[in-house]
$ cat protein.pdb   # PDB, C-alpha atoms
ATOM      1  CA  MET A   3       0.000   0.000   0.000
ATOM      2  CA  THR A   4       1.119   3.535  -0.658
ATOM      3  CA  ASP A   5       0.582   5.144   2.719
ATOM      4  CA  PRO A   6       2.268   3.439   5.629
ATOM      5  CA  PHE A   7       0.775   3.092   9.067
ATOM      6  CA  THR A   8       2.973   4.535  11.799
ATOM      7  CA  ILE A   9       3.044   3.863  15.538
ATOM      8  CA  ALA A  10       5.553   5.740  17.675
ATOM      9  CA  GLY A  11       7.726   6.512  14.670
ATOM     10  CA  THR A  12       7.776   2.944  13.328
ATOM     11  CA  SER A  13       6.119   2.480   9.941
ATOM     12  CA  PHE A  14       4.342  -0.624   8.744
ATOM     13  CA  SER A  15       3.175  -1.288   5.212
ATOM     14  CA  SER A  16       0.552  -3.725   6.528
ATOM     15  CA  ARG A  17      -2.413  -2.427   8.517
ATOM     16  CA  LEU A  18      -3.265  -5.878   9.802
ATOM     17  CA  ILE A  19      -1.926  -7.054  13.163
ATOM     18  CA  VAL A  20      -2.277 -10.781  13.741
ATOM     19  CA  GLY A  21      -2.261 -12.959  16.838
ATOM     20  CA  THR A  22      -0.333 -16.199  17.226
ATOM     21  CA  ALA A  23      -2.835 -18.171  19.330
ATOM     22  CA  ARG A  24      -5.544 -20.779  18.754
ATOM     23  CA  TYR A  25      -4.327 -22.124  15.389
ATOM     24  CA  PRO A  26      -4.796 -25.846  14.724
ATOM     25  CA  ASN A  27      -1.014 -26.230  14.674
ATOM     26  CA  GLN A  28       2.228 -24.337  14.316
ATOM     27  CA  GLN A  29       2.567 -24.787  10.566
ATOM     28  CA  VAL A  30      -0.912 -23.379   9.973
ATOM     29  CA  MET A  31       0.024 -20.411  12.153
ATOM     30  CA  LEU A  32       3.178 -19.746  10.138
ATOM     31  CA  ASP A  33       1.295 -20.050   6.846
ATOM     32  CA  CYS A  34      -1.413 -17.696   8.122
ATOM     33  CA  LEU A  35       1.047 -15.072   9.279
ATOM     34  CA  GLU A  36       2.631 -15.151   5.853
ATOM     35  CA  ALA A  37      -0.704 -15.037   4.014
ATOM     36  CA  SER A  38      -1.898 -12.147   6.192
ATOM     37  CA  GLY A  39       1.022  -9.945   5.212
ATOM     38  CA  ALA A  40       1.232  -8.813   8.842
ATOM     39  CA  GLU A  41       4.473  -7.361  10.114
ATOM     40  CA  LEU A  42       3.416  -6.962  13.724
ATOM     41  CA  VAL A  43       2.230 -10.066  15.597
ATOM     42  CA  THR A  44       1.174 -10.495  19.206
ATOM     43  CA  ALA A  45       2.492 -12.861  21.866
ATOM     44  CA  SER A  46       1.733 -13.523  25.504
ATOM     45  CA  ILE A  47       4.152 -13.891  28.395
ATOM     46  CA  ARG A  48       3.662 -17.032  30.461
ATOM     47  CA  ARG A  49       5.425 -19.047  33.125
ATOM     48  CA  ILE A  50       7.917 -21.553  31.786
ATOM     49  CA  SER A  51       6.708 -25.074  32.153
ATOM     50  CA  LEU A  52       9.014 -26.645  34.657
ATOM     51  CA  GLU A  53       8.979 -29.908  32.760
ATOM     52  CA  GLY A  54      11.395 -28.460  30.249
ATOM     53  CA  TYR A  55      10.277 -26.626  27.156
ATOM     54  CA  ALA A  56       9.731 -27.034  23.473
ATOM     55  CA  GLU A  57      10.926 -24.729  20.738
ATOM     56  CA  SER A  58      10.317 -21.111  21.589
ATOM     57  CA  LEU A  59       7.632 -19.126  19.759
ATOM     58  CA  VAL A  60      10.259 -16.546  18.919
ATOM     59  CA  ASP A  61      12.521 -19.150  17.332
ATOM     60  CA  VAL A  62       9.613 -20.513  15.329
ATOM     61  CA  LEU A  63       8.832 -17.051  13.961
ATOM     62  CA  GLY A  64      12.447 -16.774  12.910
ATOM     63  CA  GLY A  65      12.800 -13.012  13.174
ATOM     64  CA  ARG A  66      10.374 -12.345  10.319
ATOM     65  CA  TYR A  67       7.914 -10.392  12.442
ATOM     66  CA  ARG A  68       8.016  -7.671  15.013
ATOM     67  CA  LEU A  69       6.555  -9.062  18.230
ATOM     68  CA  LEU A  70       4.018  -7.165  20.286
ATOM     69  CA  PRO A  71       3.798  -8.789  23.735
ATOM     70  CA  ASN A  72       0.500  -8.505  25.566
ATOM     71  CA  THR A  73      -0.553  -8.572  29.196
ATOM     72  CA  ALA A  74      -3.558 -10.772  28.438
ATOM     73  CA  GLY A  75      -5.343 -12.138  31.473
ATOM     74  CA  CYS A  76      -3.944  -9.628  33.952
ATOM     75  CA  VAL A  77      -6.546  -8.304  36.359
ATOM     76  CA  THR A  78      -4.398  -5.993  38.454
ATOM     77  CA  GLY A  79      -2.239  -3.068  37.418
ATOM     78  CA  ARG A  80       0.645  -4.593  39.356
ATOM     79  CA  ASP A  81       0.550  -7.865  37.398
ATOM     80  CA  ALA A  82       0.124  -6.073  34.077
ATOM     81  CA  ILE A  83       3.101  -3.815  34.753
ATOM     82  CA  LEU A  84       5.278  -6.727  35.890
ATOM     83  CA  THR A  85       4.240  -8.719  32.796
ATOM     84  CA  ALA A  86       5.175  -5.767  30.573
ATOM     85  CA  GLU A  87       8.547  -5.498  32.311
ATOM     86  CA  LEU A  88       9.174  -9.232  31.916
ATOM     87  CA  ALA A  89       8.198  -8.956  28.243
ATOM     88  CA  ARG A  90      10.653  -6.108  27.786
ATOM     89  CA  GLU A  91      13.399  -8.230  29.311
ATOM     90  CA  ALA A  92      12.480 -11.407  27.399
ATOM     91  CA  LEU A  93      11.879  -9.839  23.991
ATOM     92  CA  GLU A  94      13.997  -6.711  24.164
ATOM     93  CA  THR A  95      11.069  -4.529  23.131
ATOM     94  CA  ASN A  96       9.479  -1.684  25.008
ATOM     95  CA  TRP A  97       6.242  -2.116  23.069
ATOM     96  CA  VAL A  98       3.339  -3.619  24.950
ATOM     97  CA  LYS A  99      -0.288  -4.339  24.180
ATOM     98  CA  LEU A 100      -1.708  -3.487  27.564
ATOM     99  CA  GLU A 101      -4.691  -5.581  28.582
ATOM    100  CA  LEU A 102      -6.238  -5.164  31.992
ATOM    101  CA  ILE A 103      -9.266  -7.324  32.412
ATOM    102  CA  GLY A 104     -12.125  -6.298  34.667
ATOM    103  CA  ASP A 105     -14.359  -9.331  34.171
ATOM    104  CA  ARG A 106     -13.034 -12.798  33.461
ATOM    105  CA  GLU A 107     -16.202 -13.883  31.677
ATOM    106  CA  LEU A 108     -16.533 -10.867  29.397
ATOM    107  CA  LEU A 109     -12.804 -10.035  29.212
ATOM    108  CA  TYR A 110     -13.949  -6.439  29.287
ATOM    109  CA  PRO A 111     -11.269  -3.874  30.087
ATOM    110  CA  ASP A 112     -11.035  -2.358  33.559
ATOM    111  CA  VAL A 113     -10.861   1.239  32.416
ATOM    112  CA  GLU A 114      -9.967   2.754  35.769
ATOM    113  CA  GLN A 115      -6.937   0.516  36.268
ATOM    114  CA  LEU A 116      -6.057   0.636  32.572
ATOM    115  CA  VAL A 117      -5.498   4.382  32.493
ATOM    116  CA  HIS A 118      -3.339   4.282  35.641
ATOM    117  CA  ALA A 119      -1.259   1.332  34.403
ATOM    118  CA  ALA A 120      -0.846   2.936  30.976
ATOM    119  CA  GLU A 121       0.401   6.125  32.585
ATOM    120  CA  GLU A 122       2.905   4.250  34.720
ATOM    121  CA  LEU A 123       4.184   2.185  31.801
ATOM    122  CA  VAL A 124       4.614   5.320  29.680
ATOM    123  CA  ARG A 125       6.592   6.813  32.567
ATOM    124  CA  LYS A 126       8.760   3.686  32.595
ATOM    125  CA  GLY A 127       9.559   4.196  28.915
ATOM    126  CA  PHE A 128       7.118   1.765  27.311
ATOM    127  CA  THR A 129       5.326   2.262  24.009
ATOM    128  CA  VAL A 130       1.829   1.406  25.188
ATOM    129  CA  LEU A 131      -1.000   0.128  22.991
ATOM    130  CA  PRO A 132      -3.977  -0.392  25.297
ATOM    131  CA  TYR A 133      -6.893  -2.719  24.581
ATOM    132  CA  CYS A 134      -9.808  -0.539  25.667
ATOM    133  CA  ASN A 135     -13.505   0.156  25.550
ATOM    134  CA  GLU A 136     -14.993   1.694  22.428
ATOM    135  CA  ASP A 137     -15.492   4.901  24.339
ATOM    136  CA  PRO A 138     -14.153   8.231  23.017
ATOM    137  CA  VAL A 139     -13.525   9.569  26.536
ATOM    138  CA  THR A 140     -11.475   6.547  27.600
ATOM    139  CA  CYS A 141      -9.527   6.654  24.348
ATOM    140  CA  GLN A 142      -8.803  10.355  24.862
ATOM    141  CA  LYS A 143      -7.605   9.722  28.426
ATOM    142  CA  LEU A 144      -5.302   6.968  27.190
ATOM    143  CA  ALA A 145      -3.878   9.264  24.522
ATOM    144  CA  ASP A 146      -3.488  12.032  27.112
ATOM    145  CA  VAL A 147      -1.336   9.828  29.367
ATOM    146  CA  GLY A 148       0.939   9.101  26.424
ATOM    147  CA  CYS A 149      -0.275   5.884  24.786
ATOM    148  CA  ALA A 150       1.139   5.426  21.284
ATOM    149  CA  ALA A 151      -2.156   4.091  19.912
ATOM    150  CA  VAL A 152      -5.533   2.967  21.221
ATOM    151  CA  MET A 153      -7.088  -0.428  20.592
ATOM    152  CA  PRO A 154     -10.841  -0.154  21.122
ATOM    153  CA  LEU A 155     -12.838  -3.368  21.045
ATOM    154  CA  GLY A 156     -15.281  -4.080  18.230
ATOM    155  CA  SER A 157     -17.075  -6.571  20.470
ATOM    156  CA  LEU A 158     -16.052  -9.126  23.105
ATOM    157  CA  ILE A 159     -12.724 -10.923  22.626
ATOM    158  CA  GLY A 160     -13.154 -14.098  20.600
ATOM    159  CA  SER A 161     -16.888 -13.478  20.125
ATOM    160  CA  GLY A 162     -16.812 -12.900  16.359
ATOM    161  CA  MET A 163     -19.678 -10.442  16.834
ATOM    162  CA  GLY A 164     -18.087  -7.798  14.640
ATOM    163  CA  ILE A 165     -18.344  -4.101  15.363
ATOM    164  CA  ALA A 166     -21.156  -3.688  17.845
ATOM    165  CA  ASN A 167     -20.998   0.096  18.020
ATOM    166  CA  PRO A 168     -19.807   1.509  14.696
ATOM    167  CA  THR A 169     -20.897   5.039  15.635
ATOM    168  CA  ALA A 170     -18.563   5.020  18.624
ATOM    169  CA  ILE A 171     -15.681   3.562  16.618
ATOM    170  CA  GLU A 172     -16.143   6.232  13.929
ATOM    171  CA  LEU A 173     -16.235   8.954  16.592
ATOM    172  CA  ILE A 174     -13.037   7.650  18.178
ATOM    173  CA  CYS A 175     -11.337   7.562  14.777
ATOM    174  CA  SER A 176     -12.379  11.122  13.962
ATOM    175  CA  ARG A 177     -11.089  12.518  17.255
ATOM    176  CA  SER A 178      -8.144  10.367  18.283
ATOM    177  CA  PRO A 179      -4.758  12.110  18.294
ATOM    178  CA  VAL A 180      -3.080   8.674  18.076
ATOM    179  CA  PRO A 181      -3.620   5.733  15.701
ATOM    180  CA  VAL A 182      -6.732   3.632  16.292
ATOM    181  CA  VAL A 183      -6.403  -0.139  15.980
ATOM    182  CA  LEU A 184      -9.683  -2.033  16.061
ATOM    183  CA  ASP A 185      -9.119  -4.943  18.418
ATOM    184  CA  ALA A 186     -11.369  -7.857  19.316
ATOM    185  CA  GLY A 187     -14.644  -9.130  17.943
ATOM    186  CA  ILE A 188     -13.758  -9.444  14.263
ATOM    187  CA  GLY A 189     -15.663 -12.467  12.905
ATOM    188  CA  THR A 190     -15.007 -12.362   9.186
ATOM    189  CA  ALA A 191     -13.391 -10.270   6.476
ATOM    190  CA  SER A 192     -16.242  -7.790   6.077
ATOM    191  CA  ASP A 193     -15.888  -6.803   9.757
ATOM    192  CA  ALA A 194     -12.249  -5.891   9.129
ATOM    193  CA  ALA A 195     -13.137  -3.926   5.996
ATOM    194  CA  PHE A 196     -15.887  -2.130   7.922
ATOM    195  CA  ALA A 197     -13.450  -1.147  10.679
ATOM    196  CA  MET A 198     -11.142   0.394   8.104
ATOM    197  CA  GLU A 199     -14.041   2.162   6.361
ATOM    198  CA  LEU A 200     -14.987   3.703   9.713
ATOM    199  CA  GLY A 201     -11.528   5.247   9.809
ATOM    200  CA  CYS A 202      -9.458   2.810  11.844
ATOM    201  CA  ASP A 203      -5.746   2.928  11.089
ATOM    202  CA  ALA A 204      -5.334  -0.824  11.497
ATOM    203  CA  VAL A 205      -7.129  -3.977  12.606
ATOM    204  CA  MET A 206      -6.016  -6.707  15.000
ATOM    205  CA  VAL A 207      -7.273 -10.245  14.322
ATOM    206  CA  ASP A 208      -6.542 -13.592  15.927
ATOM    207  CA  THR A 209      -9.476 -15.946  16.544
ATOM    208  CA  ALA A 210     -11.336 -15.050  13.330
ATOM    209  CA  ILE A 211      -8.393 -16.415  11.352
ATOM    210  CA  ALA A 212      -7.144 -19.173  13.654
ATOM    211  CA  GLN A 213     -10.521 -20.760  14.330
ATOM    212  CA  SER A 214     -11.999 -20.453  10.838
ATOM    213  CA  ARG A 215     -12.559 -23.592   8.806
ATOM    214  CA  ASP A 216      -9.650 -22.738   6.514
ATOM    215  CA  PRO A 217      -7.324 -20.398   8.417
ATOM    216  CA  ARG A 218      -4.933 -19.859   5.503
ATOM    217  CA  ARG A 219      -7.762 -18.628   3.288
ATOM    218  CA  MET A 220      -9.158 -16.432   6.045
ATOM    219  CA  ALA A 221      -5.739 -14.873   6.601
ATOM    220  CA  ALA A 222      -5.615 -13.943   2.920
ATOM    221  CA  ALA A 223      -9.211 -12.674   3.125
ATOM    222  CA  MET A 224      -8.373 -10.456   6.106
ATOM    223  CA  ARG A 225      -5.405  -9.016   4.282
ATOM    224  CA  ALA A 226      -7.548  -8.167   1.255
ATOM    225  CA  ALA A 227     -10.360  -6.815   3.459
ATOM    226  CA  VAL A 228      -8.094  -4.460   5.385
ATOM    227  CA  GLU A 229      -6.601  -3.158   2.152
ATOM    228  CA  ALA A 230     -10.036  -2.786   0.545
ATOM    229  CA  GLY A 231     -11.491  -1.034   3.575
ATOM    230  CA  HIS A 232      -8.584   1.351   3.788
ATOM    231  CA  LEU A 233      -8.793   2.201   0.079
ATOM    232  CA  ALA A 234     -12.540   2.748   0.380
ATOM    233  CA  ARG A 235     -12.011   5.041   3.355
ATOM    234  CA  LEU A 236      -9.493   7.084   1.380
ATOM    235  CA  ALA A 237     -11.808   7.162  -1.628
ATOM    236  CA  GLY A 238     -14.804   8.241   0.464
ATOM    237  CA  ARG A 239     -18.190   6.560   0.435
ATOM    238  CA  ILE A 240     -21.122   8.277  -1.270
ATOM    239  CA  PRO A 241     -23.813   9.726   0.964
ATOM    240  CA  LYS A 242     -26.730   7.477   1.832
ATOM    241  CA  ARG A 243     -30.014   8.512   0.163
ATOM    242  CA  ARG A 244     -33.596   7.635   0.962
ATOM    243  CA  PHE A 245     -34.607   7.314  -2.713
ATOM    244  CA  ALA A 246     -33.162   5.897  -5.892
ATOM    245  CA  GLU A 247     -30.846   7.896  -8.090
ATOM    246  CA  PRO A 248     -30.563   6.433 -11.604
ATOM    247  CA  SER A 249     -27.081   5.699 -12.800
ATOM    248  CA  SER A 250     -27.976   5.472 -16.526
ATOM    249  CA  PRO A 251     -28.735   8.687 -18.483
ATOM    250  CA  GLN A 252     -32.381   9.776 -18.366
ATOM    251  CA  LEU A 253     -32.337  11.329 -21.854
ATOM    252  CA  GLY A 254     -32.741   9.295 -25.044
ATOM    253  CA  LEU A 255     -34.788   6.515 -23.482
ATOM    254  CA  VAL A 256     -36.156   4.170 -26.160
ATOM    255  CA  GLY A 257     -39.876   4.767 -26.714
ATOM    256  CA  SER A 258     -39.987   8.172 -24.978
TER     257      SER A 258
ATOM    258  CA  MET B  24      15.314 -22.984  51.846
ATOM    259  CA  ARG B  25      11.753 -22.675  50.642
ATOM    260  CA  LEU B  26      11.095 -20.639  47.514
ATOM    261  CA  LYS B  27       7.935 -19.998  45.557
ATOM    262  CA  VAL B  28       8.754 -20.647  41.927
ATOM    263  CA  ASN B  29       6.062 -19.905  39.364
ATOM    264  CA  GLY B  30       3.434 -20.115  42.045
ATOM    265  CA  VAL B  31       4.608 -23.397  43.619
ATOM    266  CA  GLU B  32       6.380 -23.500  46.990
ATOM    267  CA  GLU B  33       9.233 -25.971  47.237
ATOM    268  CA  GLU B  34      12.529 -26.630  48.974
ATOM    269  CA  PHE B  35      15.633 -25.605  47.002
ATOM    270  CA  ALA B  36      19.365 -25.892  47.595
ATOM    271  CA  VAL B  37      20.345 -22.893  45.495
ATOM    272  CA  THR B  38      21.702 -19.456  46.356
ATOM    273  CA  THR B  39      21.337 -17.402  43.156
ATOM    274  CA  VAL B  40      18.945 -16.968  40.236
ATOM    275  CA  SER B  41      21.458 -18.629  37.903
ATOM    276  CA  GLU B  42      21.659 -21.669  40.170
ATOM    277  CA  LEU B  43      17.885 -21.905  40.326
ATOM    278  CA  LEU B  44      17.624 -21.811  36.521
ATOM    279  CA  ALA B  45      20.316 -24.466  36.175
ATOM    280  CA  PHE B  46      18.619 -26.620  38.818
ATOM    281  CA  ARG B  47      15.364 -26.329  36.907
ATOM    282  CA  GLY B  48      17.055 -27.391  33.678
ATOM    283  CA  ILE B  49      16.730 -23.982  32.048
ATOM    284  CA  ASP B  50      19.730 -23.081  29.949
ATOM    285  CA  PRO B  51      21.105 -19.933  31.612
ATOM    286  CA  VAL B  52      22.047 -18.499  28.230
ATOM    287  CA  ALA B  53      18.655 -19.338  26.707
ATOM    288  CA  ARG B  54      17.254 -16.310  24.954
ATOM    289  CA  PHE B  55      13.766 -14.949  25.513
ATOM    290  CA  VAL B  56      13.630 -15.975  29.156
ATOM    291  CA  ALA B  57      12.902 -13.391  31.847
ATOM    292  CA  VAL B  58      12.961 -13.611  35.629
ATOM    293  CA  ALA B  59      11.366 -11.570  38.401
ATOM    294  CA  VAL B  60      12.016 -11.917  42.119
ATOM    295  CA  ASN B  61       9.443 -10.518  44.533
ATOM    296  CA  GLY B  62       7.782  -8.507  41.795
ATOM    297  CA  SER B  63      10.913  -6.949  40.299
ATOM    298  CA  VAL B  64      12.596  -8.006  37.076
ATOM    299  CA  VAL B  65      16.128  -9.311  37.512
ATOM    300  CA  ARG B  66      18.145  -8.442  34.423
ATOM    301  CA  ARG B  67      19.926 -11.315  32.742
ATOM    302  CA  SER B  68      23.319  -9.837  33.600
ATOM    303  CA  GLU B  69      22.400  -9.983  37.288
ATOM    304  CA  TRP B  70      21.312 -13.636  37.338
ATOM    305  CA  PRO B  71      24.697 -14.965  38.553
ATOM    306  CA  SER B  72      24.934 -12.453  41.385
ATOM    307  CA  LYS B  73      21.309 -12.089  42.445
ATOM    308  CA  PRO B  74      20.996 -13.890  45.806
ATOM    309  CA  LEU B  75      17.824 -15.743  46.702
ATOM    310  CA  GLY B  76      16.509 -15.864  50.245
ATOM    311  CA  PRO B  77      13.930 -17.947  52.105
ATOM    312  CA  GLY B  78      10.369 -17.173  50.978
ATOM    313  CA  ASP B  79      11.387 -15.390  47.787
ATOM    314  CA  ASP B  80       8.726 -15.361  45.089
ATOM    315  CA  VAL B  81      10.300 -16.125  41.716
ATOM    316  CA  GLU B  82       8.648 -15.878  38.301
ATOM    317  CA  ILE B  83      10.367 -17.449  35.283
ATOM    318  CA  VAL B  84       8.638 -16.635  32.005
ATOM    319  CA  ARG B  85       8.969 -16.759  28.260
ATOM    320  CA  PRO B  86       6.882 -15.664  25.257
ATOM    321  CA  PHE B  87       4.001 -17.893  24.201
ATOM    322  CA  SER B  88       1.369 -17.649  21.536
ATOM    323  CA  GLY B  89      -1.106 -14.877  22.214
ATOM    324  CA  GLY B  90      -3.717 -12.597  20.761
TER     325      GLY B  90
END

$ encode --input "protein.pdb" --output "structure tokens"
Amino acid sequence: MTDPFTIAGTSFSSRLIVGTARYPNQQVMLDCLEASGAELVTASIRRISLEGYAESLVDVLGGRYRLLPNTAGCVTGRDAILTAELAREALETNWVKLELIGDRELLYPDVEQLVHAAEELVRKGFTVLPYCNEDPVTCQKLADVGCAAVMPLGSLIGSGMGIANPTAIELICSRSPVPVVLDAGIGTASDAAFAMELGCDAVMVDTAIAQSRDPRRMAAAMRAAVEAGHLARLAGRIPKRRFAEPSSPQLGLVGS
Amino acid sequence: MRLKVNGVEEEFAVTTVSELLAFRGIDPVARFVAVAVNGSVVRRSEWPSKPLGPGDDVEIVRPFSGG
């Protein structure tokens, strides 16, 4: 694509961020990452199994992608900050996708803790990309404390319910001083295209690819959808009308 | 002494982070491993010198798949 997507001074030619979880197997994951065209992929930070360990995720990815560690599952600011610090040490990156969960069933963000943790991580030198509510006020607060981007949810994580509140997402996109990455809820390619048409700078997808019937095809579909949606956004949709407007000329009709 | 390692309390005969990793069969030069003791990250360069004491809470982590 012609216009790159930039977070904290780093440019990406792909506007699709892809997760590395829930694929049927490792080879499918690798094929999907390649088919998606993604340059930025997410990872979690977990305790080492004390029964020894298999090949590391990082080794498997072979340096082809920039890794974005997350703090998935953390429910306290303290744990999220420690996880980010461990990720920085393990992966030598100060980028973090900050997730602070307020409800284990809904995996909904805990906004109050999220803003505080984001502020502290920014102070500690992190480039913070917070997973957050699709709420313009929350997104503004996160930008105000120095987050490099915001990642509002389309709908619940892993739900495949698409973009539940497109008006809010569009509002966030029109006002955000930092890039907006639609995170969570994407179910199929049209959801990703829609996010881009609403003005999102990028889209993050994991489950919708990994758990589809043919993940490799869905990865390619997501890539095409994000590009199509972004092009359509740049081109500008026509206004919606209540009545028909003929596309063929009205003069010279046969029989008139 | 008793240590809590990745959430499990056990008896260990080790005195430093490096010794604990070696005891646990984790290659001390393995990349992409990170360690925290009592909620603070211990940089890799400090593993050989970082002493462990009774009751210390140690986290040993690495990157996994994630969304």

$ interface_residues --input "protein.pdb" --of "chain A" --to "chain B" --cutoff "8 Å" --atoms "all atoms listed in the file" --output "VMD selection string"
chain A and resid 20 to 23 44 to 50 52 54 58 to 60 71 to 72 74 84 87 to 89 91 to 93 207 to 209

$ atom_distance --input "protein.pdb" --atom1 "CA of Val30 (chain A)" --atom2 "CA of Leu63 (chain A)"
12.3 Å

$ atom_distance --input "protein.pdb" --atom1 "CA of Thr12 (chain A)" --atom2 "CA of Arg90 (chain A)"
17.3 Å

$ residues_around --input "protein.pdb" --residues "region 75-81 of chain B" --least-positions-apart "5" --cutoff "7 Å" --atoms "only C-alpha atoms" --output "NGL selection string"
:B and (24-29 or 38-40 or 59-61)

$ atom_distance --input "protein.pdb" --atom1 "CA of Ala45 (chain B)" --atom2 "CA of Lys73 (chain B)"
13.9 Å

$ closest_residue --input "protein.pdb" --among "A:Gly189, A:Pro26, A:Pro241, A:Gly127" --to "Gly164 (chain A)" --atoms "only C-alpha atoms"
A:Gly189

$ resolve_selection --input "protein.pdb" --expression "the PyMOL selection byres ((chain A and resi 122) around 12)" --output "mmCIF file with C-alpha atoms, keeping the file's coordinate frame"
data_model
loop_
_atom_site.group_PDB
_atom_site.id
_atom_site.type_symbol
_atom_site.label_atom_id
_atom_site.label_comp_id
_atom_site.auth_asym_id
_atom_site.auth_seq_id
_atom_site.Cartn_x
_atom_site.Cartn_y
_atom_site.Cartn_z
ATOM 1 C CA GLY A 79 -2.239 -3.068 37.418
ATOM 2 C CA ARG A 80 0.645 -4.593 39.356
ATOM 3 C CA ALA A 82 0.124 -6.073 34.077
ATOM 4 C CA ILE A 83 3.101 -3.815 34.753
ATOM 5 C CA LEU A 84 5.278 -6.727 35.890
ATOM 6 C CA ALA A 86 5.175 -5.767 30.573
ATOM 7 C CA GLU A 87 8.547 -5.498 32.311
ATOM 8 C CA LEU A 100 -1.708 -3.487 27.564
ATOM 9 C CA GLN A 115 -6.937 0.516 36.268
ATOM 10 C CA LEU A 116 -6.057 0.636 32.572
ATOM 11 C CA VAL A 117 -5.498 4.382 32.493
ATOM 12 C CA HIS A 118 -3.339 4.282 35.641
ATOM 13 C CA ALA A 119 -1.259 1.332 34.403
ATOM 14 C CA ALA A 120 -0.846 2.936 30.976
ATOM 15 C CA GLU A 121 0.401 6.125 32.585
ATOM 16 C CA LEU A 123 4.184 2.185 31.801
ATOM 17 C CA VAL A 124 4.614 5.320 29.680
ATOM 18 C CA ARG A 125 6.592 6.813 32.567
ATOM 19 C CA LYS A 126 8.760 3.686 32.595
ATOM 20 C CA GLY A 127 9.559 4.196 28.915
ATOM 21 C CA PHE A 128 7.118 1.765 27.311
ATOM 22 C CA THR A 129 5.326 2.262 24.009
ATOM 23 C CA VAL A 130 1.829 1.406 25.188
ATOM 24 C CA LEU A 144 -5.302 6.968 27.190
ATOM 25 C CA VAL A 147 -1.336 9.828 29.367
ATOM 26 C CA GLY A 148 0.939 9.101 26.424
ATOM 27 C CA CYS A 149 -0.275 5.884 24.786
#

$ resolve_selection --input "protein.pdb" --expression "the PyMOL selection byres ((chain A and resi 190) around 9)" --output "ChimeraX atom specification"
/A:162,164,188-189,191-194,210-211,214,220,223-224

$ residues_near_point --input "protein.pdb" --point "(10.3, -8.4, 14.6)" --cutoff "10 Å" --atoms "all atoms listed in the file" --output "PDB file with C-alpha atoms, in the coordinates of the input"
ATOM      1  CA  GLU A  41       4.473  -7.361  10.114  1.00  0.00           C
ATOM      2  CA  LEU A  42       3.416  -6.962  13.724  1.00  0.00           C
ATOM      3  CA  VAL A  43       2.230 -10.066  15.597  1.00  0.00           C
ATOM      4  CA  VAL A  60      10.259 -16.546  18.919  1.00  0.00           C
ATOM      5  CA  LEU A  63       8.832 -17.051  13.961  1.00  0.00           C
ATOM      6  CA  GLY A  64      12.447 -16.774  12.910  1.00  0.00           C
ATOM      7  CA  GLY A  65      12.800 -13.012  13.174  1.00  0.00           C
ATOM      8  CA  ARG A  66      10.374 -12.345  10.319  1.00  0.00           C
ATOM      9  CA  TYR A  67       7.914 -10.392  12.442  1.00  0.00           C
ATOM     10  CA  ARG A  68       8.016  -7.671  15.013  1.00  0.00           C
ATOM     11  CA  LEU A  69       6.555  -9.062  18.230  1.00  0.00           C
ATOM     12  CA  LEU A  70       4.018  -7.165  20.286  1.00  0.00           C
ATOM     13  CA  LEU A  93      11.879  -9.839  23.991  1.00  0.00           C
ATOM     14  CA  THR A  95      11.069  -4.529  23.131  1.00  0.00           C
TER      15      THR A  95
END

$ resolve_selection --input "protein.pdb" --expression "the PyMOL selection byres ((chain A and resi 166) around 6)" --output "ChimeraX atom specification"
/A:156-157,165,167

$ residues_near_point --input "protein.pdb" --point "(-9.9, 3.6, 18.4)" --cutoff "10 Å" --atoms "all atoms listed in the file" --output "PyMOL selection string"
chain A and resi 132-138+140-142+151-156+170-185+197+201-205

$ build_atoms --input "protein.pdb" --residues "region 117-125 of chain A" --atoms "N, CA and C atoms" --output "PDB file, keeping the file's coordinate frame"
ATOM      1  N   VAL A 117      -6.077   3.051  32.687  1.00  0.00           N
ATOM      2  CA  VAL A 117      -5.498   4.382  32.493  1.00  0.00           C
ATOM      3  C   VAL A 117      -4.302   4.577  33.431  1.00  0.00           C
ATOM      4  N   HIS A 118      -4.446   4.138  34.683  1.00  0.00           N
ATOM      5  CA  HIS A 118      -3.339   4.282  35.641  1.00  0.00           C
ATOM      6  C   HIS A 118      -2.121   3.455  35.209  1.00  0.00           C
ATOM      7  N   ALA A 119      -2.376   2.212  34.807  1.00  0.00           N
ATOM      8  CA  ALA A 119      -1.259   1.332  34.403  1.00  0.00           C
ATOM      9  C   ALA A 119      -0.591   1.868  33.149  1.00  0.00           C
ATOM     10  N   ALA A 120      -1.407   2.381  32.213  1.00  0.00           N
ATOM     11  CA  ALA A 120      -0.846   2.936  30.976  1.00  0.00           C
ATOM     12  C   ALA A 120       0.074   4.106  31.313  1.00  0.00           C
ATOM     13  N   GLU A 121      -0.386   4.951  32.204  1.00  0.00           N
ATOM     14  CA  GLU A 121       0.401   6.125  32.585  1.00  0.00           C
ATOM     15  C   GLU A 121       1.735   5.699  33.199  1.00  0.00           C
ATOM     16  N   GLU A 122       1.668   4.690  34.071  1.00  0.00           N
ATOM     17  CA  GLU A 122       2.905   4.250  34.720  1.00  0.00           C
ATOM     18  C   GLU A 122       3.867   3.608  33.719  1.00  0.00           C
ATOM     19  N   LEU A 123       3.318   2.825  32.800  1.00  0.00           N
ATOM     20  CA  LEU A 123       4.184   2.185  31.801  1.00  0.00           C
ATOM     21  C   LEU A 123       4.811   3.221  30.870  1.00  0.00           C
ATOM     22  N   VAL A 124       4.047   4.243  30.512  1.00  0.00           N
ATOM     23  CA  VAL A 124       4.614   5.320  29.680  1.00  0.00           C
ATOM     24  C   VAL A 124       5.772   5.972  30.439  1.00  0.00           C
ATOM     25  N   ARG A 125       5.547   6.198  31.743  1.00  0.00           N
ATOM     26  CA  ARG A 125       6.592   6.813  32.567  1.00  0.00           C
ATOM     27  C   ARG A 125       7.840   5.935  32.620  1.00  0.00           C
TER      28      ARG A 125
END
